[in-house]
Structures are given as structure tokens and as C-alpha cells.
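Asker: What follows is structure-v2.pdb; its format and atoms are PDB, C-alpha atoms, pLDDT in the B column.
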```pdb
ATOM      1  CA  MET A   1       0.815  -9.747 -27.582  1.00 37.00           C
ATOM      2  CA  PRO A   2      -2.955  -9.332 -27.543  1.00 40.00           C
ATOM      3  CA  THR A   3      -4.433  -7.384 -30.392  1.00 38.00           C
ATOM      4  CA  LYS A   4      -6.331  -4.178 -29.885  1.00 43.00           C
ATOM      5  CA  ALA A   5     -10.034  -4.924 -30.119  1.00 47.00           C
ATOM      6  CA  LYS A   6     -12.635  -2.354 -31.055  1.00 60.00           C
ATOM      7  CA  VAL A   7     -15.284  -1.906 -28.395  1.00 65.00           C
ATOM      8  CA  SER A   8     -18.766  -2.452 -29.787  1.00 71.00           C
ATOM      9  CA  PRO A   9     -21.685  -0.197 -28.741  1.00 74.00           C
ATOM     10  CA  GLU A  10     -23.276  -3.210 -27.015  1.00 73.00           C
ATOM     11  CA  GLU A  11     -20.133  -3.808 -24.951  1.00 74.00           C
ATOM     12  CA  GLN A  12     -19.933  -0.114 -24.073  1.00 80.00           C
ATOM     13  CA  ILE A  13     -23.554  -0.045 -22.891  1.00 84.00           C
ATOM     14  CA  GLY A  14     -23.106  -3.253 -20.911  1.00 85.00           C
ATOM     15  CA  LEU A  15     -19.988  -1.905 -19.205  1.00 91.00           C
ATOM     16  CA  GLU A  16     -21.756   1.357 -18.377  1.00 92.00           C
ATOM     17  CA  ARG A  17     -24.613  -0.598 -16.787  1.00 93.00           C
ATOM     18  CA  ILE A  18     -22.112  -2.402 -14.542  1.00 95.00           C
ATOM     19  CA  VAL A  19     -20.578   0.901 -13.454  1.00 95.00           C
ATOM     20  CA  PHE A  20     -23.949   2.648 -12.935  1.00 95.00           C
ATOM     21  CA  PHE A  21     -25.275  -0.259 -10.899  1.00 96.00           C
ATOM     22  CA  SER A  22     -22.114  -0.270  -8.793  1.00 96.00           C
ATOM     23  CA  ASP A  23     -22.378   3.485  -8.232  1.00 96.00           C
ATOM     24  CA  ALA A  24     -25.986   3.077  -7.073  1.00 96.00           C
ATOM     25  CA  VAL A  25     -25.120   0.289  -4.622  1.00 96.00           C
ATOM     26  CA  MET A  26     -22.265   2.291  -3.113  1.00 96.00           C
ATOM     27  CA  ALA A  27     -24.445   5.400  -2.850  1.00 95.00           C
ATOM     28  CA  ILE A  28     -27.110   3.383  -1.013  1.00 95.00           C
ATOM     29  CA  ALA A  29     -24.495   1.893   1.323  1.00 95.00           C
ATOM     30  CA  ILE A  30     -23.192   5.355   2.246  1.00 93.00           C
ATOM     31  CA  THR A  31     -26.744   6.564   2.831  1.00 92.00           C
ATOM     32  CA  LEU A  32     -27.475   3.610   5.104  1.00 92.00           C
ATOM     33  CA  LEU A  33     -24.435   4.513   7.187  1.00 90.00           C
ATOM     34  CA  ALA A  34     -26.053   7.806   8.155  1.00 86.00           C
ATOM     35  CA  ILE A  35     -29.486   6.319   8.898  1.00 83.00           C
ATOM     36  CA  ASP A  36     -28.221   4.678  12.092  1.00 75.00           C
ATOM     37  CA  ILE A  37     -27.057   8.015  13.479  1.00 77.00           C
ATOM     38  CA  ARG A  38     -29.797   9.521  15.653  1.00 77.00           C
ATOM     39  CA  VAL A  39     -29.889  13.025  17.139  1.00 74.00           C
ATOM     40  CA  PRO A  40     -30.048  12.708  20.951  1.00 71.00           C
ATOM     41  CA  ASN A  41     -33.496  13.312  22.413  1.00 73.00           C
ATOM     42  CA  VAL A  42     -32.783  15.676  25.308  1.00 70.00           C
ATOM     43  CA  ASP A  43     -35.125  17.790  27.389  1.00 67.00           C
ATOM     44  CA  PRO A  44     -34.427  21.448  26.479  1.00 72.00           C
ATOM     45  CA  ALA A  45     -34.396  22.327  30.169  1.00 67.00           C
ATOM     46  CA  VAL A  46     -31.228  20.281  30.733  1.00 66.00           C
ATOM     47  CA  ALA A  47     -29.789  20.457  27.205  1.00 67.00           C
ATOM     48  CA  VAL A  48     -26.783  22.562  28.269  1.00 69.00           C
ATOM     49  CA  THR A  49     -25.339  19.751  30.381  1.00 72.00           C
ATOM     50  CA  GLU A  50     -27.123  16.629  29.175  1.00 74.00           C
ATOM     51  CA  LEU A  51     -26.565  17.153  25.437  1.00 76.00           C
ATOM     52  CA  THR A  52     -22.793  17.185  25.895  1.00 77.00           C
ATOM     53  CA  ARG A  53     -22.949  13.903  27.778  1.00 76.00           C
ATOM     54  CA  GLN A  54     -25.219  12.329  25.173  1.00 74.00           C
ATOM     55  CA  LEU A  55     -22.956  13.442  22.329  1.00 76.00           C
ATOM     56  CA  SER A  56     -19.907  12.022  24.100  1.00 77.00           C
ATOM     57  CA  THR A  57     -21.571   8.609  24.182  1.00 74.00           C
ATOM     58  CA  MET A  58     -21.969   8.838  20.392  1.00 76.00           C
ATOM     59  CA  VAL A  59     -18.218   9.154  19.751  1.00 81.00           C
ATOM     60  CA  PRO A  60     -17.730   5.432  18.941  1.00 80.00           C
ATOM     61  CA  THR A  61     -20.696   5.492  16.546  1.00 82.00           C
ATOM     62  CA  LEU A  62     -19.512   8.678  14.832  1.00 85.00           C
ATOM     63  CA  THR A  63     -15.941   7.373  14.587  1.00 84.00           C
ATOM     64  CA  THR A  64     -17.143   4.152  12.998  1.00 86.00           C
ATOM     65  CA  PHE A  65     -19.361   6.125  10.617  1.00 89.00           C
ATOM     66  CA  PHE A  66     -16.404   8.260   9.557  1.00 88.00           C
ATOM     67  CA  ILE A  67     -14.115   5.259   9.031  1.00 86.00           C
ATOM     68  CA  SER A  68     -16.770   3.323   7.086  1.00 90.00           C
ATOM     69  CA  PHE A  69     -17.567   6.384   4.974  1.00 91.00           C
ATOM     70  CA  LEU A  70     -13.895   6.709   4.070  1.00 89.00           C
ATOM     71  CA  VAL A  71     -13.678   2.996   3.240  1.00 89.00           C
ATOM     72  CA  ILE A  72     -16.668   3.073   0.887  1.00 93.00           C
ATOM     73  CA  GLY A  73     -15.657   6.431  -0.565  1.00 92.00           C
ATOM     74  CA  ASN A  74     -12.112   5.225  -1.201  1.00 89.00           C
ATOM     75  CA  TYR A  75     -13.315   2.103  -2.977  1.00 93.00           C
ATOM     76  CA  TRP A  76     -15.839   4.081  -5.001  1.00 94.00           C
ATOM     77  CA  ILE A  77     -12.951   6.250  -6.237  1.00 93.00           C
ATOM     78  CA  SER A  78     -10.872   3.111  -6.945  1.00 91.00           C
ATOM     79  CA  HIS A  79     -13.763   1.418  -8.732  1.00 94.00           C
ATOM     80  CA  HIS A  80     -14.349   4.509 -10.865  1.00 93.00           C
ATOM     81  CA  ARG A  81     -10.638   4.851 -11.680  1.00 93.00           C
ATOM     82  CA  TYR A  82      -9.911   1.229 -12.516  1.00 94.00           C
ATOM     83  CA  PHE A  83     -13.070   0.629 -14.521  1.00 94.00           C
ATOM     84  CA  GLY A  84     -11.919   3.544 -16.649  1.00 92.00           C
ATOM     85  CA  TYR A  85      -9.168   1.208 -17.898  1.00 93.00           C
ATOM     86  CA  ILE A  86     -11.536  -1.704 -18.540  1.00 94.00           C
ATOM     87  CA  LYS A  87     -12.865  -1.725 -22.108  1.00 91.00           C
ATOM     88  CA  ARG A  88     -14.758  -5.020 -22.229  1.00 90.00           C
ATOM     89  CA  TYR A  89     -16.577  -7.309 -19.836  1.00 91.00           C
ATOM     90  CA  ASP A  90     -17.641 -10.924 -19.452  1.00 92.00           C
ATOM     91  CA  SER A  91     -19.689 -12.993 -17.022  1.00 93.00           C
ATOM     92  CA  ARG A  92     -16.729 -13.568 -14.679  1.00 95.00           C
ATOM     93  CA  LEU A  93     -16.077  -9.852 -14.355  1.00 96.00           C
ATOM     94  CA  ILE A  94     -19.757  -9.359 -13.468  1.00 96.00           C
ATOM     95  CA  LEU A  95     -19.535 -12.049 -10.776  1.00 97.00           C
ATOM     96  CA  LEU A  96     -16.344 -10.554  -9.329  1.00 97.00           C
ATOM     97  CA  ASN A  97     -17.981  -7.140  -9.288  1.00 97.00           C
ATOM     98  CA  LEU A  98     -21.031  -8.565  -7.483  1.00 97.00           C
ATOM     99  CA  MET A  99     -18.709 -10.070  -4.875  1.00 97.00           C
ATOM    100  CA  PHE A 100     -17.137  -6.633  -4.411  1.00 97.00           C
ATOM    101  CA  LEU A 101     -20.590  -5.052  -4.024  1.00 97.00           C
ATOM    102  CA  PHE A 102     -21.612  -7.711  -1.502  1.00 97.00           C
ATOM    103  CA  PHE A 103     -18.899  -6.533   0.875  1.00 96.00           C
ATOM    104  CA  ILE A 104     -19.811  -2.900   0.183  1.00 96.00           C
ATOM    105  CA  ILE A 105     -23.441  -3.455   1.147  1.00 96.00           C
ATOM    106  CA  CYS A 106     -22.357  -5.252   4.334  1.00 95.00           C
ATOM    107  CA  MET A 107     -20.564  -2.126   5.566  1.00 94.00           C
ATOM    108  CA  PRO A 108     -23.595  -0.350   7.129  1.00 93.00           C
ATOM    109  CA  PHE A 109     -24.417  -3.412   9.253  1.00 94.00           C
ATOM    110  CA  LEU A 110     -20.783  -3.889  10.235  1.00 93.00           C
ATOM    111  CA  ALA A 111     -20.385  -0.191  11.018  1.00 91.00           C
ATOM    112  CA  ASN A 112     -23.436  -0.322  13.288  1.00 90.00           C
ATOM    113  CA  LEU A 113     -22.061  -3.442  14.957  1.00 91.00           C
ATOM    114  CA  LEU A 114     -18.661  -1.843  15.502  1.00 89.00           C
ATOM    115  CA  GLY A 115     -20.217   1.378  16.789  1.00 86.00           C
ATOM    116  CA  ARG A 116     -22.126  -0.515  19.484  1.00 87.00           C
ATOM    117  CA  TYR A 117     -19.596  -3.184  20.421  1.00 89.00           C
ATOM    118  CA  GLY A 118     -16.272  -1.672  19.370  1.00 83.00           C
ATOM    119  CA  ASP A 119     -14.446  -3.043  22.416  1.00 85.00           C
ATOM    120  CA  VAL A 120     -15.384  -6.660  21.734  1.00 89.00           C
ATOM    121  CA  PRO A 121     -12.458  -8.452  19.993  1.00 90.00           C
ATOM    122  CA  ILE A 122     -14.631 -10.612  17.724  1.00 92.00           C
ATOM    123  CA  VAL A 123     -16.376  -7.508  16.364  1.00 91.00           C
ATOM    124  CA  LEU A 124     -13.036  -5.858  15.584  1.00 90.00           C
ATOM    125  CA  ILE A 125     -11.883  -9.059  13.881  1.00 92.00           C
ATOM    126  CA  ILE A 126     -15.052  -9.334  11.779  1.00 93.00           C
ATOM    127  CA  TYR A 127     -14.815  -5.697  10.670  1.00 92.00           C
ATOM    128  CA  THR A 128     -11.135  -6.045   9.800  1.00 91.00           C
ATOM    129  CA  LEU A 129     -11.750  -9.234   7.829  1.00 94.00           C
ATOM    130  CA  ALA A 130     -14.619  -7.569   5.961  1.00 94.00           C
ATOM    131  CA  ILE A 131     -12.462  -4.615   4.905  1.00 92.00           C
ATOM    132  CA  SER A 132      -9.698  -7.009   3.845  1.00 93.00           C
ATOM    133  CA  ALA A 133     -12.194  -9.062   1.821  1.00 95.00           C
ATOM    134  CA  LEU A 134     -13.482  -5.866   0.206  1.00 95.00           C
ATOM    135  CA  GLY A 135      -9.964  -4.886  -0.803  1.00 93.00           C
ATOM    136  CA  LEU A 136      -9.186  -8.369  -2.065  1.00 95.00           C
ATOM    137  CA  SER A 137     -12.325  -8.418  -4.215  1.00 96.00           C
ATOM    138  CA  MET A 138     -11.280  -5.130  -5.837  1.00 96.00           C
ATOM    139  CA  ALA A 139      -7.806  -6.569  -6.393  1.00 95.00           C
ATOM    140  CA  LEU A 140      -9.265  -9.668  -8.043  1.00 96.00           C
ATOM    141  CA  ILE A 141     -11.329  -7.502 -10.401  1.00 97.00           C
ATOM    142  CA  TRP A 142      -8.210  -5.662 -11.531  1.00 96.00           C
ATOM    143  CA  TRP A 143      -6.085  -8.803 -11.763  1.00 96.00           C
ATOM    144  CA  TYR A 144      -8.716 -10.645 -13.809  1.00 96.00           C
ATOM    145  CA  ALA A 145      -9.351  -7.728 -16.160  1.00 96.00           C
ATOM    146  CA  THR A 146      -5.679  -7.025 -16.815  1.00 95.00           C
ATOM    147  CA  TYR A 147      -4.216 -10.535 -16.914  1.00 94.00           C
ATOM    148  CA  ASP A 148      -2.817 -10.904 -20.429  1.00 92.00           C
ATOM    149  CA  HIS A 149      -4.740  -7.666 -21.178  1.00 92.00           C
ATOM    150  CA  ARG A 150      -7.943  -9.726 -21.092  1.00 92.00           C
ATOM    151  CA  LEU A 151     -10.439  -6.868 -20.737  1.00 93.00           C
ATOM    152  CA  VAL A 152      -8.239  -3.800 -21.111  1.00 93.00           C
ATOM    153  CA  SER A 153      -6.532  -2.129 -24.018  1.00 89.00           C
ATOM    154  CA  ALA A 154      -3.477  -3.928 -25.389  1.00 89.00           C
ATOM    155  CA  GLU A 155      -1.678  -0.585 -25.158  1.00 91.00           C
ATOM    156  CA  LEU A 156      -2.056  -0.324 -21.379  1.00 92.00           C
ATOM    157  CA  ASP A 157       1.418  -0.077 -19.844  1.00 92.00           C
ATOM    158  CA  PRO A 158       2.396  -3.332 -18.069  1.00 91.00           C
ATOM    159  CA  ASP A 159       4.205  -1.288 -15.427  1.00 89.00           C
ATOM    160  CA  THR A 160       0.954   0.523 -14.612  1.00 89.00           C
ATOM    161  CA  ILE A 161      -0.804  -2.833 -14.302  1.00 92.00           C
ATOM    162  CA  ARG A 162       1.920  -4.141 -11.996  1.00 89.00           C
ATOM    163  CA  LYS A 163       1.899  -1.091  -9.711  1.00 86.00           C
ATOM    164  CA  ILE A 164      -1.878  -1.166  -9.328  1.00 90.00           C
ATOM    165  CA  ASN A 165      -1.756  -4.901  -8.644  1.00 91.00           C
ATOM    166  CA  ILE A 166       0.770  -4.319  -5.865  1.00 86.00           C
ATOM    167  CA  ARG A 167      -1.288  -1.503  -4.363  1.00 85.00           C
ATOM    168  CA  LEU A 168      -4.551  -3.454  -4.431  1.00 89.00           C
ATOM    169  CA  PHE A 169      -3.183  -6.734  -3.079  1.00 88.00           C
ATOM    170  CA  ILE A 170      -0.983  -5.223  -0.369  1.00 85.00           C
ATOM    171  CA  SER A 171      -3.752  -3.069   1.124  1.00 81.00           C
ATOM    172  CA  PRO A 172      -5.982  -5.934   2.370  1.00 86.00           C
ATOM    173  CA  VAL A 173      -2.940  -7.837   3.627  1.00 84.00           C
ATOM    174  CA  VAL A 174      -1.827  -4.829   5.678  1.00 81.00           C
ATOM    175  CA  PHE A 175      -5.281  -4.597   7.233  1.00 82.00           C
ATOM    176  CA  LEU A 176      -4.892  -8.174   8.436  1.00 86.00           C
ATOM    177  CA  VAL A 177      -1.946  -6.997  10.540  1.00 83.00           C
ATOM    178  CA  ALA A 178      -4.545  -5.381  12.800  1.00 83.00           C
ATOM    179  CA  LEU A 179      -6.097  -8.734  13.784  1.00 87.00           C
ATOM    180  CA  PRO A 180      -3.795  -9.541  16.753  1.00 87.00           C
ATOM    181  CA  PHE A 181      -4.353  -6.023  18.125  1.00 85.00           C
ATOM    182  CA  ALA A 182      -8.060  -6.798  18.531  1.00 85.00           C
ATOM    183  CA  TYR A 183      -7.143  -8.485  21.819  1.00 85.00           C
ATOM    184  CA  VAL A 184      -5.150  -5.437  22.949  1.00 84.00           C
ATOM    185  CA  SER A 185      -7.484  -2.492  22.377  1.00 80.00           C
ATOM    186  CA  SER A 186      -9.799  -0.991  19.796  1.00 80.00           C
ATOM    187  CA  VAL A 187      -7.568   2.091  19.639  1.00 80.00           C
ATOM    188  CA  ALA A 188      -4.589  -0.039  18.580  1.00 82.00           C
ATOM    189  CA  VAL A 189      -6.641  -1.646  15.800  1.00 83.00           C
ATOM    190  CA  ILE A 190      -7.855   1.724  14.521  1.00 79.00           C
ATOM    191  CA  LEU A 191      -4.288   3.066  14.498  1.00 80.00           C
ATOM    192  CA  VAL A 192      -3.212   0.151  12.301  1.00 79.00           C
ATOM    193  CA  TRP A 193      -6.133   0.925   9.976  1.00 77.00           C
ATOM    194  CA  TRP A 194      -5.058   4.560   9.704  1.00 74.00           C
ATOM    195  CA  PHE A 195      -1.407   3.717   9.057  1.00 74.00           C
ATOM    196  CA  SER A 196      -2.159   1.040   6.445  1.00 71.00           C
ATOM    197  CA  PRO A 197      -2.279   3.527   3.496  1.00 67.00           C
ATOM    198  CA  ILE A 198       1.181   4.797   4.462  1.00 71.00           C
ATOM    199  CA  ILE A 199       2.537   1.239   4.502  1.00 68.00           C
ATOM    200  CA  VAL A 200       1.001   0.589   1.083  1.00 65.00           C
ATOM    201  CA  MET A 201       2.595   3.743  -0.345  1.00 67.00           C
ATOM    202  CA  ILE A 202       6.003   2.701   1.004  1.00 69.00           C
ATOM    203  CA  ALA A 203       5.624  -0.769  -0.537  1.00 61.00           C
ATOM    204  CA  ILE A 204       4.718   0.742  -3.907  1.00 61.00           C
ATOM    205  CA  ARG A 205       7.742   3.037  -3.824  1.00 66.00           C
ATOM    206  CA  LEU A 206      10.050   0.149  -2.925  1.00 66.00           C
ATOM    207  CA  SER A 207       8.640  -2.017  -5.707  1.00 57.00           C
ATOM    208  CA  GLY A 208       9.088   0.870  -8.144  1.00 55.00           C
ATOM    209  CA  ARG A 209      12.749   1.200  -7.224  1.00 56.00           C
ATOM    210  CA  GLN A 210      13.288  -2.518  -7.652  1.00 51.00           C
ATOM    211  CA  GLY A 211      11.600  -2.391 -11.032  1.00 51.00           C
ATOM    212  CA  ASN A 212      13.800   0.517 -12.161  1.00 51.00           C
ATOM    213  CA  SER A 213      16.976  -1.211 -10.981  1.00 50.00           C
ATOM    214  CA  ARG A 214      16.365  -4.244 -13.201  1.00 49.00           C
TER     215      ARG A 214
END
```
Here is the file; what I need is its structure written in the form of C-alpha cells.

Answerer:
Amino acid sequence: MPTKAKVSPEEQIGLERIVFFSDAVMAIAITLLAIDIRVPNVDPAVAVTELTRQLSTMVPTLTTFFISFLVIGNYWISHHRYFGYIKRYDSRLILLNLMFLFFIICMPFLANLLGRYGDVPIVLIIYTLAISALGLSMALIWWYATYDHRLVSAELDPDTIRKINIRLFISPVVFLVALPFAYVSSVAVILVWWFSPIIVMIAIRLSGRQGNSR
């Protein structure tokens, strides 16, 4: 069993810098999502009829904005929660975190791409792969930090580690289920995206029952 190591002030400051930098990158990414949304420029004389039509054409863009906002917001919450368990850091954790942030900062571009060309299969595939890669990078951070209690407290419950591992690794895999639907319709892909959290919750519950039965 690993021994409980005291966290030095230098390690604490270094870990806080990683978290603060990550928070800043995710805040910028969310801000960039909104920059691409433009208020329709409509002549006031025909605003009653024309504005409604213009707003209806923005539905794909607004839907993509909402989905991307939820994705980044969800992973900001996850990042905040899981880094609360991490007590130390090393160069590999920093690199894994940078990989995670790379996919975060790609989201505004991908959201804009999806908003404009949401019916094109390759765009749906790229967006799905990007979200899966984002989830996988978060999963790798947790796996690396908790393997043999490398960067977390020795007292952290192994069952907690296992459940979070299952949740983080299953989520990106479930998103990949949406790939074949890209050639069916964008609505089908989005439905798979929405139902993926439910599938993850079911998998976690099933794994918990199996663990309790042993």
C-alpha cells in the first residue's frame, strides 16, 4: 500500500496553477462559443415577419451552441471535482491536462462548423470524435492520477476510484455509438448524444451491483 505523503506548499501552489489555468482556458472556450452568435440584422419595417424567419434559420447554430456549452460545462465540473482528489502532480499529469485542454479549445471551432454544416456526415463524425477524445483525455487524467494512488491520497477508497474510472471511460465509448447514425440524420446523432448520460448511469449501476455481489 502506498504511504500517505504530506503535500508541500510548492506542490499545492503548482497544483493550483494547473487548475486555475484550466479554468481560464475553459472560460475562454465558453466565451468563444457565444462570439459566433450574431443578432439578425433586420429592417424594422419588416421585423414582425422577417425576424421570425431569420431566427428560425439560427436554430442549428443555437442548438450546437447549447450542446457545446453543456459539454464544456460538464467537463469543467468534472475537472473541478476530480482535481479535488488529486494531491500531487508531475510532468505527465501536466501533459495529460494540456491534451484535455486542447480538445476543450477546439470546441468553439467545431461548434461553428457543426452549426453551419450539421447535415454533412463528416462534420457530425468529426464533432463526435472530438467529444469522445475530450472524454477519453479526462479519463486518462483520472486513471493516471489514481493508478496505485500515484497522485491521490492513499486513503482514497478504491471503490470510488473504480466507479469514476468506469464512468469516465464508458462515456466517450458511448458517444462513438453515434458515428453510424451520421449517415442517417443529424437528429439521430443528437438523440444518441442526449441519451449517452443515461446509458453511462445504467452501466455504473450495473457495475456497482456486480461489485457488491462479489

Asker: So how many Å separate atom CA of A:Thr128 and atom CA of A:Leu113, to one decimal?

Answerer: 12.4 Å

Asker: Apply the PyMOL selection byres ((chain A and resi 189) around 12) to the displayed file and report the matching residues as an NGL selection string.

Answerer: :A and (118-121 or 123-125 or 127-128 or 174-188 or 190-196)

Asker: Using 3 Å of padding on each side, determine the axis-aligned box around all atoms of stretch 130-149 of chain A present in the file and give its centre and edge lengths in Å to one decimal, as lines of an AutoDock Vina configuration file.

Answerer:
```
center_x = -8.7
center_y = -7.8
center_z = -7.6
size_x = 17.8
size_y = 12.3
size_z = 33.1
```

Asker: How many Å separate atom CA of A:Asn112 from atom CA of A:Ala130?

Answerer: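 So the answer is 13.6 Å.
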
Asker: Would you work out the distance separating atom CA of A:Trp143 from atom CA of A:Asn165, expressed in Å to one decimal?

Answerer: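 The value is 6.6 Å.
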
Asker: Determine, using all atoms listed in the file, which residues of stretch 11-35 of chain A have any atom at most 8 Å from an atom of stretch 93-101 of chain A, and tabulate each with its shortest atom pair and distance in Å to one decimal place, rows ordered by chain and then rising number, as a tab-separated table.

Answerer:
```
residue	atom	partner	partner_atom	distance
A:Ile18	CA	A:Ile94	CA	7.4
A:Ser22	CA	A:Leu101	CA	6.9
A:Val25	CA	A:Leu101	CA	7.0
A:Met26	CA	A:Leu101	CA	7.6
```

Asker: Determine the residue set returned by the PyMOL selection byres ((chain A and resi 31-35) around 9) for the present structure, and present it as a list in words.

Answerer: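 So the PyMOL selection byres ((chain A and resi 31-35) around 9) ends up selecting Met26, Ala27, Ile28, Ala29, Ile30, Asp36, Ile37, Arg38, Phe65, Ser68, Phe69, Met107, Pro108, Phe109, Ala111 and Asn112 of chain A.
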
Asker: Which one is closest to A:Leu136: A:Pro158, A:Cys106, A:Leu114, A:Val173? Count all atoms listed in the file.

Answerer: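 Answer, going by the shortest atom-to-atom distance: A:Val173.
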
Asker: Could you list as a short mmCIF file (atom, residue, chain, number, x, y, z; two decimals) with C-alpha atoms, in the coordinates of the input every residue that has an atom within 12 Å of (-15.4, 2.5, -6.9), using the file's coordinates and counting all atoms listed in the file?

Answerer:
```
data_model
loop_
_atom_site.label_atom_id
_atom_site.label_comp_id
_atom_site.auth_asym_id
_atom_site.auth_seq_id
_atom_site.Cartn_x
_atom_site.Cartn_y
_atom_site.Cartn_z
CA ILE A 18 -22.11 -2.40 -14.54
CA VAL A 19 -20.58 0.90 -13.45
CA PHE A 20 -23.95 2.65 -12.94
CA PHE A 21 -25.28 -0.26 -10.90
CA SER A 22 -22.11 -0.27 -8.79
CA ASP A 23 -22.38 3.48 -8.23
CA ALA A 24 -25.99 3.08 -7.07
CA VAL A 25 -25.12 0.29 -4.62
CA MET A 26 -22.26 2.29 -3.11
CA ALA A 27 -24.44 5.40 -2.85
CA LEU A 70 -13.90 6.71 4.07
CA VAL A 71 -13.68 3.00 3.24
CA ILE A 72 -16.67 3.07 0.89
CA GLY A 73 -15.66 6.43 -0.56
CA ASN A 74 -12.11 5.22 -1.20
CA TYR A 75 -13.32 2.10 -2.98
CA TRP A 76 -15.84 4.08 -5.00
CA ILE A 77 -12.95 6.25 -6.24
CA SER A 78 -10.87 3.11 -6.94
CA HIS A 79 -13.76 1.42 -8.73
CA HIS A 80 -14.35 4.51 -10.86
CA ARG A 81 -10.64 4.85 -11.68
CA TYR A 82 -9.91 1.23 -12.52
CA PHE A 83 -13.07 0.63 -14.52
CA GLY A 84 -11.92 3.54 -16.65
CA ASN A 97 -17.98 -7.14 -9.29
CA PHE A 100 -17.14 -6.63 -4.41
CA LEU A 101 -20.59 -5.05 -4.02
CA ILE A 104 -19.81 -2.90 0.18
CA LEU A 134 -13.48 -5.87 0.21
CA GLY A 135 -9.96 -4.89 -0.80
CA SER A 137 -12.32 -8.42 -4.22
CA MET A 138 -11.28 -5.13 -5.84
CA ALA A 139 -7.81 -6.57 -6.39
CA ILE A 141 -11.33 -7.50 -10.40
CA TRP A 142 -8.21 -5.66 -11.53
#
```

Asker: Considering all atoms listed in the file, can you say which of A:Ala133, A:Ile164, A:Ile86, A:Ile198 comes closest to A:His149?

Answerer: A:Ile86

Asker: Find the residue from A:Ile131, A:Thr61, A:Gln12, A:Tyr89 that sits nearest to A:Phe102; use only C-alpha atoms when measuring.

Answerer: A:Ile131

Asker: Nearest to A:Tyr117: which of A:Thr64, A:Asp157, A:Leu140, A:Val42 is it, counting all atoms listed in the file?

Answerer: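 Using all atoms listed in the file, the shortest distance to A:Tyr117 belongs to A:Thr64.
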